[in-house]
Structure formats: structure tokens, C-alpha cells
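Participant: Take a look at this one; I'll ask things after.
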Amino acid sequence: MKVYPLIEGHFSVDKNKDFSILNKNSKGLKMAIQPFLIQINNENILFDTGLGWLDNNQPKIIKNLKNINLQPKDISKILISHLHKDHINGLVNTSSEELELIFPQAEIFIQKREYEFALSQNESHSFDFKILDYIVKNSNINWLIDDEGEINNKIQYKVTPGHTPYLQSFWINEDNKTVFYGSDNLPLEAYFKYHLAYKSDYNGKEAMEYRIEWEKEAKNNSWEILFYHDLKNPVVQF
């Protein structure tokens with residue numbers, strides 16, 4: 001099993017959830033955006049897909065894949081944690097007026113209840129409803145409906161409410177090695193240092209409780225953890 005952070009960039013984000021490239025004068029919340037490529041079972045699998053940021057009018061995620069000698073057609077599965085725009089907009093190429101799927105051949109795994117929740121948040125800046133609607137109408141989606149289950153015999157998912165009410169976390173197990181992705185319930189390594197409930201989450205207390213549980217399991221079982229928004233340490237071995 002190999003893990004590659006696909007670093008889209010370092011950004012600042014304001015209260016309206018508008019993202020801009022981080023610089024010395026940036027204000028607002030500072031974060032990395034970095035989907036992860038997992039190579040397992042002769043497959044290329046993505047955890048989330050980023051903001052869809054364009055670099056010289058080309059999606060950055062395509063350039064990142066080229067750097068490891070892959071193309072979008074090589075991606076077989078995309079596991080979506082939740083539907084905020086900085087996690088799913090990288091599914092769509094916005095470089096021209098006509099939208100286009102970047103991974104038309106991939107099977108995309110989305111929690112159905114997370115989608116239903118997103119539709120109820122029509123005034124939230126966290127979602128890009130034009131992009132979300134295009135994804136749902138045009139992609140090869142496997143709608144997950146259970147609280148937990150298996151994608152295959154090595155990949156498990158579980159609904160772990162906190163950042164959003166139906167956010168999915170993922171575990172990959174191979175050869176006694178566990179890779180864990182908690183998405184925005186556990187976006188930074190620093191979240192392990194302070195047991196806090198964040199007001200920016202849908203249910204900060206529940207997200208905090210999951211982090212306490214995961215920290216114990218990670219240390220006891222030597223997990224490798226993926227941090228989607230960490231500016232310094234996207235992958236940490238415990």
C-alpha cells in the first residue's frame with residue numbers, strides 16, 4: 001500500500017468560505033487542501049478531491065497525478081467524506097464555461113444522508129450547489145446508506161458525525177498496517193494536542209469524542225493518519 005498526498009495548495013478562507021492562495025498578508029483561517037491517493041489491490045483510490053483549484057487553467061489535481069505518472073482514467077474509486085466544496089469540487093473541471101467530469105470512469109462513494117443534509121443547507125457557503133448538482137446528475141455514484149460497512153475486504157467506512165451530521169471516516173487495512181482518514185473531524189495533527197469542541201463543527205462535542213477515541217487507537221495500533229488540512233504534516237505514523 002502506498003499513500004500520496006496530492007497537495008492542491010495552502011489557502012486562507014474567509015467567513016463566506018471564499019478561498020485564496022495563502023500569502024504573508026492573508027487573513028482568516030489558514031489551511032492546506034490535499035486529497036490523498038491510495039494505491040492498493042492494483043487500484044488507485046482517492047480520498048476526497050479538493051477544491052478544484054486551477055493552475056494555469058488546468059485542475060491542480062490532474063497535474064498532481066501526472067507527477068506520479070497517473071492520469072484521471074487510472075482512478076477507479078473515489079471515497080467522499082462529506083460534500084463541502086473544498087472536498088468535492090475537484091471532481092469537476094471548471095476551466096471552460098461547460099463543466100466536465102475529471103474522473104468520469106471512477107466509481108464515487110457518497111453517503112446518501114450527507115447529500116440529503118446538504119440539500120437542506122441552501123444558504124450555506126460551505127457548499128457549491130451548482131457543482132454538487134452536476135456531480136450527482138453525471139457521475140457513477142454508489143450511494144452508501146448504512147452507518148458502517150465495507151467498500152471491499154480492505155476498506156471500511158463509518159458514519160462519524162461531528163463536522164457534518166453524516167461525515168464518513170475510512171480505514172484501509174493491509175498486511176497488519178492501518179491507514180485512517182477522519183477528514184474534517186480530524187483535519188490537523190494538532191487536534192490531538194487539545195481536546196476541544198469547535199463551534200465551526202455541526203456537533204463539536206461529538207467530533208471531539210471521536211478524536212479522543214481515535215488517538216488511543218492510533219497509538220495502540222500504530223495507525224498511519226491522513227490530515228487533509230494540515231499545513232506541515234499531511235501523513236503521520238503513530
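Quick note on naming: the chains in the C-alpha cells go A, B, ... in the order shown, residues restart at 1 in each chain, and ligands are numbered from 1 in order of appearance.
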Mind the document's chain letters and residue numbers, and return as a list of chain:residue names the residues of region 9-112 of chain A that DSSP labels helix (DSSP H, G or I).
Facilitator: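 The helix (DSSP H, G or I) subset of region 9-112 of chain A is A:Lys60, A:Ile61, A:Ile62, A:Lys63, A:Asn64, A:Leu65, A:Lys66, A:Pro72, A:Lys73, A:Asp74, A:Lys85, A:Asp86, A:His87, A:Ile88, A:Asn89, A:Gly90, A:Leu91, A:Lys112.
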Participant: Mind checking which residues fall within 8 Å of Leu132 (chain A), counting only C-alpha atoms, ignoring those fewer than 6 positions away in the same chain, and posting them as a list in words?
Facilitator: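 Final neighbour list, sorted by chain and number: Leu83, Ile88 and Asn89 of chain A.
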Participant: As a JSON list (two decimals) with N, CA and C atoms, in the first residue's frame, please: every residue in region 21-60 of chain A that DSSP puts in strand (DSSP E or B).
Facilitator:
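Saved to states.json:
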```
[["chain", "number", "residue", "atom", "x", "y", "z"],
["A", 21, "ILE", "N", -5.14, 31.85, -2.31],
["A", 21, "ILE", "CA", -3.81, 31.31, -2.04],
["A", 21, "ILE", "C", -3.19, 32.05, -0.86],
["A", 29, "LEU", "N", -8.91, 31.95, 8.27],
["A", 29, "LEU", "CA", -8.43, 30.61, 8.59],
["A", 29, "LEU", "C", -7.43, 30.14, 7.56],
["A", 30, "LYS", "N", -6.33, 29.58, 8.00],
["A", 30, "LYS", "CA", -5.26, 29.12, 7.11],
["A", 30, "LYS", "C", -5.25, 27.59, 7.09],
["A", 31, "MET", "N", -5.18, 27.02, 5.90],
["A", 31, "MET", "CA", -5.23, 25.56, 5.80],
["A", 31, "MET", "C", -4.63, 25.07, 4.49],
["A", 32, "ALA", "N", -4.16, 23.82, 4.53],
["A", 32, "ALA", "CA", -3.83, 23.11, 3.31],
["A", 32, "ALA", "C", -5.09, 22.42, 2.80],
["A", 33, "ILE", "N", -5.11, 22.16, 1.50],
["A", 33, "ILE", "CA", -6.12, 21.29, 0.92],
["A", 33, "ILE", "C", -5.36, 20.22, 0.16],
["A", 36, "PHE", "N", -5.94, 12.58, -0.98],
["A", 36, "PHE", "CA", -4.94, 11.52, -0.85],
["A", 36, "PHE", "C", -5.19, 10.42, -1.87],
["A", 37, "LEU", "N", -4.11, 10.00, -2.50],
["A", 37, "LEU", "CA", -4.16, 8.85, -3.40],
["A", 37, "LEU", "C", -3.63, 7.64, -2.65],
["A", 38, "ILE", "N", -4.40, 6.57, -2.68],
["A", 38, "ILE", "CA", -4.01, 5.30, -2.06],
["A", 38, "ILE", "C", -3.89, 4.26, -3.17],
["A", 39, "GLN", "N", -2.76, 3.60, -3.23],
["A", 39, "GLN", "CA", -2.58, 2.51, -4.18],
["A", 39, "GLN", "C", -2.63, 1.19, -3.42],
["A", 40, "ILE", "N", -3.64, 0.38, -3.75],
["A", 40, "ILE", "CA", -3.87, -0.88, -3.06],
["A", 40, "ILE", "C", -4.63, -1.81, -4.00],
["A", 43, "GLU", "N", -5.14, -0.98, -7.53],
["A", 43, "GLU", "CA", -6.09, 0.10, -7.78],
["A", 43, "GLU", "C", -5.51, 1.42, -7.31],
["A", 44, "ASN", "N", -6.02, 2.50, -7.92],
["A", 44, "ASN", "CA", -5.72, 3.85, -7.49],
["A", 44, "ASN", "C", -7.00, 4.47, -6.94],
["A", 45, "ILE", "N", -6.99, 4.79, -5.65],
["A", 45, "ILE", "CA", -8.19, 5.24, -4.95],
["A", 45, "ILE", "C", -7.92, 6.62, -4.37],
["A", 46, "LEU", "N", -8.92, 7.51, -4.48],
["A", 46, "LEU", "CA", -8.80, 8.85, -3.91],
["A", 46, "LEU", "C", -9.67, 8.99, -2.67],
["A", 47, "PHE", "N", -9.11, 9.64, -1.63],
["A", 47, "PHE", "CA", -9.90, 10.15, -0.52],
["A", 47, "PHE", "C", -10.15, 11.63, -0.81],
["A", 54, "LEU", "N", -7.58, 25.77, -10.12],
["A", 54, "LEU", "CA", -6.96, 25.77, -11.44],
["A", 54, "LEU", "C", -5.56, 26.36, -11.36],
["A", 55, "ASP", "N", -4.61, 25.66, -11.99],
["A", 55, "ASP", "CA", -3.22, 26.11, -12.09],
["A", 55, "ASP", "C", -2.91, 26.25, -13.58],
["A", 58, "GLN", "N", -5.61, 24.65, -15.64],
["A", 58, "GLN", "CA", -5.77, 23.20, -15.58],
["A", 58, "GLN", "C", -5.98, 22.80, -14.12],
["A", 59, "PRO", "N", -6.93, 21.89, -13.84],
["A", 59, "PRO", "CA", -7.13, 21.47, -12.45],
["A", 59, "PRO", "C", -5.84, 20.95, -11.83]]
```
Participant: Select from region 104-210 of chain A every residue with an atom at most 10 Å from any atom of region 216-221 of chain A, then for each give the shortest pair of atoms and their distance in Å to one decimal, using only C-alpha atoms, rows by chain and rising number, as CSV.
Facilitator:
```
residue,atom,partner,partner_atom,distance
A:Asn176,CA,A:Asn221,CA,9.3
A:Lys177,CA,A:Asn221,CA,8.6
A:Thr178,CA,A:Asn221,CA,8.0
A:Val179,CA,A:Ala218,CA,9.5
A:Phe180,CA,A:Ala218,CA,8.6
```
Participant: Skip region 115-120 of chain A itself and residues of its chain fewer than 6 positions away, then list as a list in words all residues within 10 Å of it, counting only C-alpha atoms.
Facilitator: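 Listing them by chain and then by number gives His82, Leu83, His84, Ser126, Phe127, Asp128, Phe129, Leu132, Asp133, Val136, Trp143, Thr164, Pro165 and Tyr166 of chain A.
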Participant: Within 8 Å of region 104-111 of chain A, counting only C-alpha atoms, which residues qualify if same-chain residues fewer than 6 places away don't, as a PyMOL selection string?
Facilitator: chain A and resi 73+75-82+139-145+166-168
Participant: Based on the selection just made, write N, CA and C atoms of those residues as a PDB file, in the first residue's frame.
Facilitator:
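Now in out09.pdb:
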```
ATOM      1  N   LYS A  73      -8.012   8.772 -15.754  1.00  0.00           N
ATOM      2  CA  LYS A  73      -8.634   7.497 -16.122  1.00  0.00           C
ATOM      3  C   LYS A  73      -8.104   6.336 -15.281  1.00  0.00           C
ATOM      4  N   ILE A  75      -7.880   6.325 -12.053  1.00  0.00           N
ATOM      5  CA  ILE A  75      -8.551   6.308 -10.751  1.00  0.00           C
ATOM      6  C   ILE A  75      -9.803   5.448 -10.847  1.00  0.00           C
ATOM      7  N   SER A  76      -9.899   4.436  -9.997  1.00  0.00           N
ATOM      8  CA  SER A  76     -11.040   3.515 -10.062  1.00  0.00           C
ATOM      9  C   SER A  76     -12.131   3.847  -9.044  1.00  0.00           C
ATOM     10  N   LYS A  77     -11.731   4.315  -7.855  1.00  0.00           N
ATOM     11  CA  LYS A  77     -12.695   4.613  -6.798  1.00  0.00           C
ATOM     12  C   LYS A  77     -12.357   5.962  -6.162  1.00  0.00           C
ATOM     13  N   ILE A  78     -13.396   6.699  -5.799  1.00  0.00           N
ATOM     14  CA  ILE A  78     -13.231   7.957  -5.076  1.00  0.00           C
ATOM     15  C   ILE A  78     -14.140   7.903  -3.855  1.00  0.00           C
ATOM     16  N   LEU A  79     -13.548   7.998  -2.673  1.00  0.00           N
ATOM     17  CA  LEU A  79     -14.289   7.900  -1.423  1.00  0.00           C
ATOM     18  C   LEU A  79     -14.486   9.304  -0.862  1.00  0.00           C
ATOM     19  N   ILE A  80     -15.724   9.722  -0.779  1.00  0.00           N
ATOM     20  CA  ILE A  80     -16.060  11.086  -0.369  1.00  0.00           C
ATOM     21  C   ILE A  80     -16.456  11.104   1.104  1.00  0.00           C
ATOM     22  N   SER A  81     -15.769  11.925   1.873  1.00  0.00           N
ATOM     23  CA  SER A  81     -16.062  12.003   3.308  1.00  0.00           C
ATOM     24  C   SER A  81     -17.326  12.826   3.570  1.00  0.00           C
ATOM     25  N   HIS A  82     -17.428  13.983   2.925  1.00  0.00           N
ATOM     26  CA  HIS A  82     -18.597  14.847   3.055  1.00  0.00           C
ATOM     27  C   HIS A  82     -18.595  15.786   1.850  1.00  0.00           C
ATOM     28  N   SER A 139     -22.276  11.635 -12.555  1.00  0.00           N
ATOM     29  CA  SER A 139     -21.234  10.714 -12.091  1.00  0.00           C
ATOM     30  C   SER A 139     -21.772   9.307 -11.859  1.00  0.00           C
ATOM     31  N   ASN A 140     -20.840   8.379 -11.763  1.00  0.00           N
ATOM     32  CA  ASN A 140     -21.144   6.989 -11.418  1.00  0.00           C
ATOM     33  C   ASN A 140     -21.084   6.866  -9.901  1.00  0.00           C
ATOM     34  N   ILE A 141     -22.224   7.096  -9.233  1.00  0.00           N
ATOM     35  CA  ILE A 141     -22.258   7.189  -7.779  1.00  0.00           C
ATOM     36  C   ILE A 141     -22.782   5.899  -7.163  1.00  0.00           C
ATOM     37  N   ASN A 142     -22.068   5.434  -6.161  1.00  0.00           N
ATOM     38  CA  ASN A 142     -22.532   4.359  -5.296  1.00  0.00           C
ATOM     39  C   ASN A 142     -23.019   5.015  -4.015  1.00  0.00           C
ATOM     40  N   TRP A 143     -24.331   5.058  -3.834  1.00  0.00           N
ATOM     41  CA  TRP A 143     -24.901   5.718  -2.666  1.00  0.00           C
ATOM     42  C   TRP A 143     -24.814   4.787  -1.460  1.00  0.00           C
ATOM     43  N   LEU A 144     -24.083   5.196  -0.435  1.00  0.00           N
ATOM     44  CA  LEU A 144     -23.988   4.429   0.799  1.00  0.00           C
ATOM     45  C   LEU A 144     -25.113   4.866   1.736  1.00  0.00           C
ATOM     46  N   ILE A 145     -25.744   3.894   2.367  1.00  0.00           N
ATOM     47  CA  ILE A 145     -26.901   4.209   3.216  1.00  0.00           C
ATOM     48  C   ILE A 145     -26.748   3.703   4.649  1.00  0.00           C
ATOM     49  N   TYR A 166     -23.303  13.561   8.805  1.00  0.00           N
ATOM     50  CA  TYR A 166     -23.133  12.224   8.219  1.00  0.00           C
ATOM     51  C   TYR A 166     -21.765  12.072   7.551  1.00  0.00           C
ATOM     52  N   LEU A 167     -20.770  12.747   8.086  1.00  0.00           N
ATOM     53  CA  LEU A 167     -19.411  12.609   7.570  1.00  0.00           C
ATOM     54  C   LEU A 167     -18.958  11.163   7.700  1.00  0.00           C
ATOM     55  N   GLN A 168     -18.249  10.686   6.665  1.00  0.00           N
ATOM     56  CA  GLN A 168     -17.731   9.323   6.676  1.00  0.00           C
ATOM     57  C   GLN A 168     -16.226   9.326   6.928  1.00  0.00           C
TER      58      GLN A 168
END
```
Participant: Point out the residue among A:Asp86, A:Asn42, A:Glu114, A:Thr160 with the least atom-to-atom distance to Phe11 (chain A), counting only C-alpha atoms.
Facilitator: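 The answer is A:Asp86, which sits nearest to Phe11 (chain A).
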Participant: Find the distance between CA of Asp201 (chain A) and CA of Lys112 (chain A) and write it in Å to one decimal.
Facilitator: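 CA of Asp201 (chain A) sits 19.7 Å away from CA of Lys112 (chain A).
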Participant: Looking at A:Val92, A:Ala197, A:Val235, A:Leu101, which one is nearest to Gly52 (chain A), with distances taken over only C-alpha atoms?
Facilitator: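 Checking each candidate against Gly52 (chain A), we get A:Val92 as the closest.
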Participant: Between CA of Tyr202 (chain A) and CA of Leu51 (chain A), measure the distance and give it in Å to one decimal.
Facilitator: 20.6 Å
